[in-house]
file final15.cif (mmCIF, C-alpha atoms)
data_model
loop_
_atom_site.label_atom_id
_atom_site.label_comp_id
_atom_site.auth_asym_id
_atom_site.auth_seq_id
_atom_site.Cartn_x
_atom_site.Cartn_y
_atom_site.Cartn_z
CA MET A 1 68.57 145.15 191.14
CA PRO A 2 65.79 142.96 192.64
CA ARG A 3 66.60 139.25 192.66
CA SER A 4 63.60 138.35 190.50
CA GLN A 5 64.53 141.00 187.91
CA LEU A 6 68.11 139.73 187.73
CA ALA A 7 66.81 136.19 187.17
CA ILE A 8 64.45 137.35 184.42
CA ARG A 9 67.25 139.24 182.63
CA THR A 10 69.42 136.12 182.80
CA VAL A 11 66.68 134.03 181.14
CA ILE A 12 66.17 136.64 178.39
CA PHE A 13 69.92 136.49 177.70
CA SER A 14 69.68 132.68 177.40
CA MET A 15 66.62 132.84 175.17
CA LEU A 16 68.10 135.29 172.68
CA GLY A 17 71.31 133.28 172.52
CA ASN A 18 69.41 130.05 171.85
CA VAL A 19 67.41 131.65 169.02
CA ALA A 20 70.60 132.76 167.29
CA LEU A 21 72.36 129.43 167.82
CA ALA A 22 69.38 127.41 166.59
CA LEU A 23 69.48 129.29 163.28
CA ILE A 24 73.26 128.95 162.95
CA LYS A 25 73.21 125.21 163.75
CA PHE A 26 70.35 124.39 161.42
CA LEU A 27 71.83 126.27 158.46
CA SER A 28 75.29 124.83 159.10
CA GLY A 29 73.93 121.31 159.49
CA PHE A 30 71.81 121.57 156.35
CA LEU A 31 74.53 123.12 154.17
CA GLY A 32 77.31 121.02 155.75
CA ASN A 33 75.51 117.64 155.60
CA SER A 34 75.72 117.09 159.37
CA PHE A 35 72.75 115.54 161.14
CA ALA A 36 74.53 115.92 164.48
CA LEU A 37 74.41 119.69 163.92
CA ILE A 38 70.76 119.53 162.87
CA ALA A 39 70.02 117.48 166.02
CA ASP A 40 71.87 120.12 168.00
CA ALA A 41 69.65 122.76 166.36
CA ILE A 42 66.53 120.82 167.38
CA GLU A 43 67.65 120.91 171.00
CA SER A 44 68.30 124.65 170.77
CA VAL A 45 64.77 125.21 169.43
CA VAL A 46 63.40 123.24 172.37
CA ASP A 47 65.62 125.32 174.66
CA VAL A 48 64.00 128.48 173.33
CA PHE A 49 60.56 127.22 174.33
CA ALA A 50 61.97 126.05 177.66
CA SER A 51 63.43 129.52 178.27
CA ILE A 52 60.01 131.04 177.60
CA LEU A 53 58.55 128.70 180.22
CA VAL A 54 61.27 129.66 182.70
CA LEU A 55 60.60 133.33 182.03
CA LEU A 56 56.87 132.92 182.64
CA GLY A 57 57.54 130.84 185.73
CA LEU A 58 59.94 133.38 187.23
CA ARG A 59 57.51 136.23 186.59
CA TYR A 60 54.71 134.32 188.30
CA ALA A 61 56.94 133.15 191.15
CA ALA A 62 57.99 136.77 191.81
CA ARG A 63 54.43 137.79 192.67
CA PRO A 64 54.04 138.81 196.32
CA ALA A 65 52.02 136.80 198.82
CA ASP A 66 48.26 137.26 198.76
CA ASP A 67 45.21 135.89 200.58
CA ASN A 68 45.20 132.68 198.55
CA HIS A 69 48.98 132.25 198.58
CA PRO A 70 50.25 133.43 202.00
CA TYR A 71 53.69 131.92 201.32
CA GLY A 72 53.99 133.56 197.92
CA HIS A 73 54.10 131.95 194.47
CA GLY A 74 57.62 130.49 194.54
CA LYS A 75 56.48 126.91 193.95
CA ALA A 76 55.84 127.90 190.32
CA GLU A 77 59.60 127.59 189.75
CA PRO A 78 59.99 123.84 190.32
CA LEU A 79 56.73 123.18 188.47
CA VAL A 80 58.17 124.99 185.43
CA THR A 81 61.34 122.93 185.85
CA PHE A 82 59.26 119.76 185.43
CA LEU A 83 57.94 121.12 182.13
CA ILE A 84 61.49 121.89 181.00
CA VAL A 85 62.55 118.32 181.77
CA GLY A 86 59.61 117.14 179.66
CA PHE A 87 60.78 119.32 176.76
CA LEU A 88 64.32 117.93 177.07
CA ILE A 89 63.10 114.33 177.07
CA PHE A 90 60.94 115.08 174.01
CA SER A 91 63.88 116.63 172.14
CA ALA A 92 66.12 113.68 173.08
CA THR A 93 63.52 111.26 171.73
CA VAL A 94 63.24 113.15 168.42
CA ILE A 95 67.03 113.31 168.04
CA ALA A 96 67.42 109.59 168.80
CA TYR A 97 64.72 108.61 166.29
CA GLN A 98 66.18 110.75 163.52
CA ALA A 99 69.72 109.52 164.23
CA VAL A 100 68.64 105.86 163.95
CA GLN A 101 66.89 106.64 160.66
CA HIS A 102 70.05 108.26 159.29
CA ILE A 103 72.21 105.32 160.38
CA ARG A 104 70.00 102.98 158.34
CA ILE A 105 70.12 105.15 155.19
CA PRO A 106 73.43 105.80 153.36
CA HIS A 107 74.21 109.51 153.08
CA GLN A 108 76.98 111.99 152.36
CA GLY A 109 79.47 112.80 155.10
CA PRO A 110 79.69 116.22 156.82
CA GLU A 111 81.75 119.13 155.50
CA PRO A 112 85.02 119.97 157.35
CA TRP A 113 84.07 123.64 157.88
CA THR A 114 81.26 122.59 160.22
CA LEU A 115 83.97 121.92 162.82
CA LEU A 116 84.74 125.66 163.01
CA VAL A 117 81.06 126.42 163.63
CA LEU A 118 80.88 123.80 166.37
CA ALA A 119 84.05 125.04 168.08
CA ALA A 120 82.58 128.55 168.36
CA ILE A 121 79.25 127.16 169.60
CA ILE A 122 80.91 125.01 172.27
CA LEU A 123 82.86 128.00 173.59
CA TRP A 124 79.77 130.23 173.70
CA LYS A 125 77.57 127.61 175.40
CA GLU A 126 80.15 126.91 178.09
CA VAL A 127 80.49 130.63 178.82
CA SER A 128 76.69 130.84 179.00
CA PHE A 129 76.56 127.85 181.36
CA GLN A 130 79.06 129.40 183.75
CA LEU A 131 77.23 132.74 183.75
CA VAL A 132 73.73 131.33 184.31
CA MET A 133 74.90 128.76 186.87
CA SER A 134 76.64 131.48 188.91
CA ARG A 135 73.39 133.48 188.86
CA SER A 136 71.38 130.40 189.91
CA LYS A 137 73.68 129.85 192.90
CA LYS A 138 73.54 133.50 193.85
CA LEU A 139 69.74 133.63 193.62
CA LYS A 140 69.08 130.05 194.84
CA SER A 141 66.86 129.48 191.80
CA SER A 142 66.05 125.93 190.64
CA ALA A 143 64.62 127.29 187.39
CA LEU A 144 67.85 129.14 186.59
CA LYS A 145 69.81 126.01 187.47
CA ALA A 146 67.72 124.10 184.93
CA GLU A 147 68.37 126.88 182.41
CA ALA A 148 72.11 126.63 183.08
CA TRP A 149 72.08 122.88 182.50
CA HIS A 150 70.35 123.56 179.20
CA HIS A 151 73.50 125.40 178.14
CA ARG A 152 75.76 122.62 179.41
CA SER A 153 73.70 119.90 177.68
CA ASP A 154 73.81 121.97 174.50
CA ALA A 155 77.59 122.25 174.81
CA ILE A 156 77.83 118.48 175.34
CA THR A 157 75.75 117.71 172.26
CA SER A 158 77.98 120.07 170.30
CA VAL A 159 81.10 118.29 171.60
CA ALA A 160 79.59 114.95 170.59
CA ALA A 161 78.79 116.37 167.16
CA PHE A 162 82.36 117.69 166.88
CA ILE A 163 83.82 114.26 167.67
CA GLY A 164 81.43 112.54 165.26
CA ILE A 165 82.29 114.91 162.42
CA VAL A 166 86.03 114.50 163.05
CA ILE A 167 85.69 110.70 162.85
CA ALA A 168 83.48 110.92 159.75
CA ILE A 169 85.96 113.20 157.95
CA TRP A 170 89.08 111.38 159.10
CA GLY A 171 87.66 107.90 158.40
CA GLY A 172 86.32 108.79 154.97
CA GLU A 173 83.90 106.55 153.11
CA GLY A 174 81.97 104.20 155.38
CA TYR A 175 82.42 106.40 158.45
CA GLU A 176 79.65 108.87 157.65
CA VAL A 177 77.43 107.33 160.34
CA ALA A 178 79.87 108.50 163.03
CA ASP A 179 78.05 111.82 162.84
CA ASP A 180 74.76 110.05 163.62
CA TYR A 181 76.21 107.97 166.45
CA ALA A 182 77.47 111.22 167.93
CA ALA A 183 73.88 112.43 168.02
CA LEU A 184 72.88 109.27 169.93
CA LEU A 185 75.70 109.87 172.41
CA ALA A 186 74.39 113.39 172.91
CA VAL A 187 70.94 111.94 173.71
CA ALA A 188 72.43 109.95 176.60
CA PHE A 189 73.96 113.12 178.07
CA ILE A 190 70.70 115.02 177.68
CA LEU A 191 68.77 112.34 179.57
CA TYR A 192 71.37 112.32 182.34
CA ASN A 193 71.04 116.10 182.68
CA CYS A 194 67.26 115.67 182.86
CA TYR A 195 67.75 113.71 186.06
CA LYS A 196 70.19 116.27 187.47
CA ILE A 197 67.68 119.13 187.15
CA PHE A 198 64.58 117.05 187.96
CA ARG A 199 65.78 115.74 191.33
CA PRO A 200 66.32 119.15 193.07
CA ALA A 201 63.00 120.44 191.75
CA LEU A 202 61.22 117.36 193.11
CA SER A 203 62.93 117.92 196.44
CA GLU A 204 61.60 121.47 196.50
CA VAL A 205 58.03 120.46 195.71
CA MET A 206 58.15 117.73 198.38
CA ASP A 207 59.51 120.24 200.97
CA GLU A 208 62.57 118.14 201.72
CA ASP A 209 64.52 119.67 204.60
CA ASN A 210 68.08 119.31 203.30
CA HIS A 211 69.43 122.78 204.02
CA GLU A 212 71.99 121.98 206.72
CA ASP A 213 74.29 124.96 206.09
CA LEU A 214 71.40 127.44 206.14
CA ALA A 215 69.98 125.81 209.28
CA GLN A 216 73.29 126.23 211.10
CA GLU A 217 73.52 129.86 209.99
CA ILE A 218 70.01 130.52 211.33
CA ARG A 219 70.84 128.92 214.69
CA ASP A 220 74.08 130.90 214.99
CA ILE A 221 72.27 134.17 214.31
CA ALA A 222 69.40 133.32 216.67
CA ILE A 223 71.52 132.93 219.78
CA GLN A 224 73.02 136.40 219.15
CA VAL A 225 69.61 137.97 219.79
CA LYS A 226 69.15 139.31 223.30
CA GLY A 227 66.79 137.08 225.24
CA VAL A 228 67.23 133.95 223.10
CA LYS A 229 68.96 131.28 225.16
CA ASP A 230 68.94 128.46 222.62
CA THR A 231 67.10 127.01 219.63
CA GLU A 232 65.32 123.70 219.26
CA LYS A 233 63.21 122.58 216.29
CA LEU A 234 63.98 124.18 212.94
CA PHE A 235 62.14 123.42 209.70
CA ILE A 236 63.14 124.95 206.36
CA ARG A 237 61.33 124.63 203.04
CA LYS A 238 62.30 126.21 199.76
CA ALA A 239 59.87 127.94 197.41
CA GLY A 240 61.47 129.51 194.36
CA MET A 241 64.22 131.87 195.52
CA LYS A 242 62.88 132.09 199.08
CA TYR A 243 63.27 129.87 202.14
CA HIS A 244 60.39 129.66 204.64
CA VAL A 245 61.41 128.95 208.23
CA ASP A 246 59.71 127.55 211.35
CA LEU A 247 61.96 128.03 214.39
CA HIS A 248 61.51 127.13 218.06
CA ALA A 249 63.45 129.53 220.31
CA HIS A 250 64.11 129.08 224.06
CA VAL A 251 63.68 132.07 226.39
CA ILE A 252 63.57 132.43 230.18
CA GLY A 253 60.32 130.88 231.39
CA GLU A 254 59.51 133.70 233.79
CA LEU A 255 59.15 136.31 231.05
CA THR A 256 55.74 137.79 230.29
CA VAL A 257 53.90 137.02 227.07
CA ARG A 258 54.62 140.55 225.86
CA GLU A 259 58.36 140.17 226.53
CA GLY A 260 58.45 136.84 224.69
CA HIS A 261 56.56 138.43 221.82
CA GLU A 262 59.11 141.25 221.59
CA ILE A 263 61.99 138.77 221.57
CA SER A 264 60.41 136.82 218.73
CA HIS A 265 60.08 140.00 216.68
CA ARG A 266 63.70 140.95 217.33
CA LEU A 267 64.74 137.47 216.25
CA LYS A 268 62.65 137.61 213.09
CA ASP A 269 64.00 141.07 212.16
CA LYS A 270 67.57 139.92 212.77
CA LEU A 271 67.15 136.86 210.54
CA LYS A 272 65.53 138.91 207.76
CA LYS A 273 68.38 141.41 207.86
CA GLU A 274 71.20 138.86 207.94
CA ILE A 275 69.70 136.39 205.43
CA PRO A 276 67.73 138.30 202.74
CA GLN A 277 66.61 135.12 200.94
CA LEU A 278 64.40 134.13 203.87
CA GLY A 279 60.68 134.50 203.23
CA HIS A 280 58.01 133.70 205.81
CA ILE A 281 59.47 133.20 209.31
CA LEU A 282 57.44 131.65 212.13
CA ILE A 283 58.99 131.88 215.62
CA HIS A 284 57.65 129.63 218.37
CA ILE A 285 58.72 130.68 221.88
CA GLU A 286 59.42 127.96 224.45
CA PRO A 287 60.48 128.30 228.15
CA PHE A 288 64.14 127.67 228.92
CA ASP A 289 64.67 125.59 232.08
#
call {"tool": "encode", "arguments": {"input": "final15.cif", "output": "structure tokens"}}
result
Amino acid sequence: MPRSQLAIRTVIFSMLGNVALALIKFLSGFLGNSFALIADAIESVVDVFASILVLLGLRYAARPADDNHPYGHGKAEPLVTFLIVGFLIFSATVIAYQAVQHIRIPHQGPEPWTLLVLAAIILWKEVSFQLVMSRSKKLKSSALKAEAWHHRSDAITSVAAFIGIVIAIWGGEGYEVADDYAALLAVAFILYNCYKIFRPALSEVMDEDNHEDLAQEIRDIAIQVKGVKDTEKLFIRKAGMKYHVDLHAHVIGELTVREGHEISHRLKDKLKKEIPQLGHILIHIEPFD
């Protein structure tokens, strides 16, 4: 299956799961008198919209290179990630505001059966996190990584809700606000996760060259090519699920232009074959003294 198609299927899986969980959380929170669950449902609704953005971003990023975009459309991925972070911050703000309002107004404590709902949700979201994160690592996708952290942040908010409900039930009268404080704790985790998914996306947009392992792999492959004596400068920039490479290769100085050209093509073909996630490769030939 093409890498882009696998990424899109992963996002669709996340989106459908979030729709179902949002409904379950909202109904359970409303019927079970738990604002922490309702806050959790709000985040899941935001996650649905975020998943739609990721889906659109991945579809656009998968477009091939054209005259206006010779390096492809991969930069759409981190740009979508920025939008997702914005959605997460918005949902955290709404949850925090509502939680503070509930703390100030006396209300009935949550029902014990909501704990069973939360336990099932936590298990499902952690499984979803592991699945999507493994796909993001396999495909080198910042958008999928953001999607995975959506699942983890959702699991964390559910854990916070679980703890808050346990305290509210165990403490009895006067401890009802524990459920609301749990929602505030969840907000802190959500904001922390915002930073964790924002920083790599910013690095990608700014073309930070922090791909040491890939750089070493490229150099090791390059010197296996007949005619390449050594490598010098190497620049790598990430765009979506592709890595674009500028490489300076040393060859014997007495070779003809045609021979140097042939070596550069052999090197490029070798790199493409050995490392499929490489996109545009520019080889600069330099004389080896």
call {"tool": "resolve_selection", "arguments": {"input": "final15.cif", "expression": "the PyMOL selection byres ((chain A and resi 243) around 6)", "output": "PDB file with C-alpha atoms, keeping the file's coordinate frame"}}
result
ATOM      1  CA  ARG A 237      61.330 124.630 203.040  1.00  0.00           C
ATOM      2  CA  LYS A 238      62.300 126.210 199.760  1.00  0.00           C
ATOM      3  CA  LYS A 242      62.880 132.090 199.080  1.00  0.00           C
ATOM      4  CA  HIS A 244      60.390 129.660 204.640  1.00  0.00           C
ATOM      5  CA  LEU A 278      64.400 134.130 203.870  1.00  0.00           C
ATOM      6  CA  GLY A 279      60.680 134.500 203.230  1.00  0.00           C
TER       7      GLY A 279
END
call {"tool": "closest_residue", "arguments": {"input": "final15.cif", "among": "A:Val80, A:Ala65, A:Leu144, A:Val177", "to": "A:Ile103", "atoms": "all atoms listed in the file"}}
result
A:Val177
call {"tool": "residues_around", "arguments": {"input": "final15.cif", "residues": "A:Ala215", "least_positions_apart": "4", "cutoff": "9 Å", "atoms": "only C-alpha atoms", "output": "short mmCIF file (atom, residue, chain, number, x, y, z; two decimals) with C-alpha atoms, in the frame of the given file"}}
result
data_model
loop_
_atom_site.label_atom_id
_atom_site.label_comp_id
_atom_site.auth_asym_id
_atom_site.auth_seq_id
_atom_site.Cartn_x
_atom_site.Cartn_y
_atom_site.Cartn_z
CA HIS A 211 69.43 122.78 204.02
CA ARG A 219 70.84 128.92 214.69
CA ASP A 220 74.08 130.90 214.99
CA LEU A 234 63.98 124.18 212.94
CA PHE A 235 62.14 123.42 209.70
CA ILE A 236 63.14 124.95 206.36
#
call {"tool": "resolve_selection", "arguments": {"input": "final15.cif", "expression": "the PyMOL selection byres ((chain A and resi 55) around 9)", "output": "compact mmCIF listing (two decimals) with C-alpha atoms, in the coordinates of the input"}}
result
# COMPACT_ATOMS: atom_id res chain seq x y z
CA ALA A 7 66.81 136.19 187.17
CA ILE A 8 64.45 137.35 184.42
CA ARG A 9 67.25 139.24 182.63
CA VAL A 11 66.68 134.03 181.14
CA ILE A 12 66.17 136.64 178.39
CA ALA A 50 61.97 126.05 177.66
CA SER A 51 63.43 129.52 178.27
CA ILE A 52 60.01 131.04 177.60
CA LEU A 53 58.55 128.70 180.22
CA VAL A 54 61.27 129.66 182.70
CA LEU A 56 56.87 132.92 182.64
CA GLY A 57 57.54 130.84 185.73
CA LEU A 58 59.94 133.38 187.23
CA ARG A 59 57.51 136.23 186.59
CA TYR A 60 54.71 134.32 188.30
call {"tool": "residues_near_point", "arguments": {"input": "final15.cif", "point": "(68.1, 112.8, 181.4)", "cutoff": "12 Å", "atoms": "only C-alpha atoms", "output": "ChimeraX atom specification"}}
result
/A:82,84-93,146,149-150,153,186-199
call {"tool": "closest_residue", "arguments": {"input": "final15.cif", "among": "A:Ala76, A:Val117, A:His261, A:Leu6", "to": "A:Phe26", "atoms": "only C-alpha atoms"}}
result
A:Val117
call {"tool": "resolve_selection", "arguments": {"input": "final15.cif", "expression": "the PyMOL selection byres ((chain A and resi 282) around 10)", "output": "ChimeraX atom specification"}}
result
/A:234-235,244-248,264-265,268,279-281,283-285
call {"tool": "decode", "arguments": {"input": "final15.cif", "residues": "stretch 219-270 of chain A", "atoms": "C-alpha atoms", "output": "PDB file, in the first residue's frame"}}
result
ATOM      1  CA  ARG A 219      27.065   8.810   3.632  1.00  0.00           C
ATOM      2  CA  ASP A 220      27.541   5.073   4.234  1.00  0.00           C
ATOM      3  CA  ILE A 221      25.531   4.210   1.120  1.00  0.00           C
ATOM      4  CA  ALA A 222      27.281   6.854  -1.002  1.00  0.00           C
ATOM      5  CA  ILE A 223      30.788   5.484  -0.558  1.00  0.00           C
ATOM      6  CA  GLN A 224      29.560   2.051  -1.719  1.00  0.00           C
ATOM      7  CA  VAL A 225      28.880   3.491  -5.183  1.00  0.00           C
ATOM      8  CA  LYS A 226      31.643   2.848  -7.697  1.00  0.00           C
ATOM      9  CA  GLY A 227      33.526   6.054  -8.406  1.00  0.00           C
ATOM     10  CA  VAL A 228      32.544   7.888  -5.203  1.00  0.00           C
ATOM     11  CA  LYS A 229      35.643   8.373  -3.067  1.00  0.00           C
ATOM     12  CA  ASP A 230      34.094  10.347  -0.223  1.00  0.00           C
ATOM     13  CA  THR A 231      31.302  12.749   0.712  1.00  0.00           C
ATOM     14  CA  GLU A 232      31.490  16.307   1.977  1.00  0.00           C
ATOM     15  CA  LYS A 233      28.552  18.676   2.511  1.00  0.00           C
ATOM     16  CA  LEU A 234      25.174  17.097   3.161  1.00  0.00           C
ATOM     17  CA  PHE A 235      21.949  19.038   3.726  1.00  0.00           C
ATOM     18  CA  ILE A 236      18.645  17.334   4.573  1.00  0.00           C
ATOM     19  CA  ARG A 237      15.233  18.950   4.881  1.00  0.00           C
ATOM     20  CA  LYS A 238      11.970  17.243   5.655  1.00  0.00           C
ATOM     21  CA  ALA A 239       8.706  17.917   3.817  1.00  0.00           C
ATOM     22  CA  GLY A 240       5.806  15.733   4.907  1.00  0.00           C
ATOM     23  CA  MET A 241       6.860  12.097   4.614  1.00  0.00           C
ATOM     24  CA  LYS A 242       9.776  12.855   2.279  1.00  0.00           C
ATOM     25  CA  TYR A 243      13.343  14.005   2.892  1.00  0.00           C
ATOM     26  CA  HIS A 244      15.035  16.216   0.274  1.00  0.00           C
ATOM     27  CA  VAL A 245      18.814  15.870   0.066  1.00  0.00           C
ATOM     28  CA  ASP A 246      21.705  18.001  -1.224  1.00  0.00           C
ATOM     29  CA  LEU A 247      24.925  15.957  -1.265  1.00  0.00           C
ATOM     30  CA  HIS A 248      28.477  16.816  -2.315  1.00  0.00           C
ATOM     31  CA  ALA A 249      30.336  13.718  -3.557  1.00  0.00           C
ATOM     32  CA  HIS A 250      34.093  13.457  -4.238  1.00  0.00           C
ATOM     33  CA  VAL A 251      35.294  11.701  -7.409  1.00  0.00           C
ATOM     34  CA  ILE A 252      38.674  11.465  -9.140  1.00  0.00           C
ATOM     35  CA  GLY A 253      39.468  14.882 -10.593  1.00  0.00           C
ATOM     36  CA  GLU A 254      40.685  13.515 -13.918  1.00  0.00           C
ATOM     37  CA  LEU A 255      37.306  12.078 -14.888  1.00  0.00           C
ATOM     38  CA  THR A 256      35.358  13.605 -17.768  1.00  0.00           C
ATOM     39  CA  VAL A 257      32.161  15.549 -17.204  1.00  0.00           C
ATOM     40  CA  ARG A 258      30.195  12.657 -18.692  1.00  0.00           C
ATOM     41  CA  GLU A 259      31.809  10.142 -16.317  1.00  0.00           C
ATOM     42  CA  GLY A 260      31.096  12.368 -13.314  1.00  0.00           C
ATOM     43  CA  HIS A 261      27.519  12.749 -14.513  1.00  0.00           C
ATOM     44  CA  GLU A 262      27.101   8.967 -14.724  1.00  0.00           C
ATOM     45  CA  ILE A 263      28.482   8.521 -11.214  1.00  0.00           C
ATOM     46  CA  SER A 264      26.043  11.066  -9.830  1.00  0.00           C
ATOM     47  CA  HIS A 265      23.141   9.197 -11.435  1.00  0.00           C
ATOM     48  CA  ARG A 266      24.330   5.874 -10.023  1.00  0.00           C
ATOM     49  CA  LEU A 267      24.580   7.486  -6.607  1.00  0.00           C
ATOM     50  CA  LYS A 268      21.112   8.996  -6.840  1.00  0.00           C
ATOM     51  CA  ASP A 269      19.574   5.685  -7.987  1.00  0.00           C
ATOM     52  CA  LYS A 270      21.321   3.821  -5.179  1.00  0.00           C
TER      53      LYS A 270
END
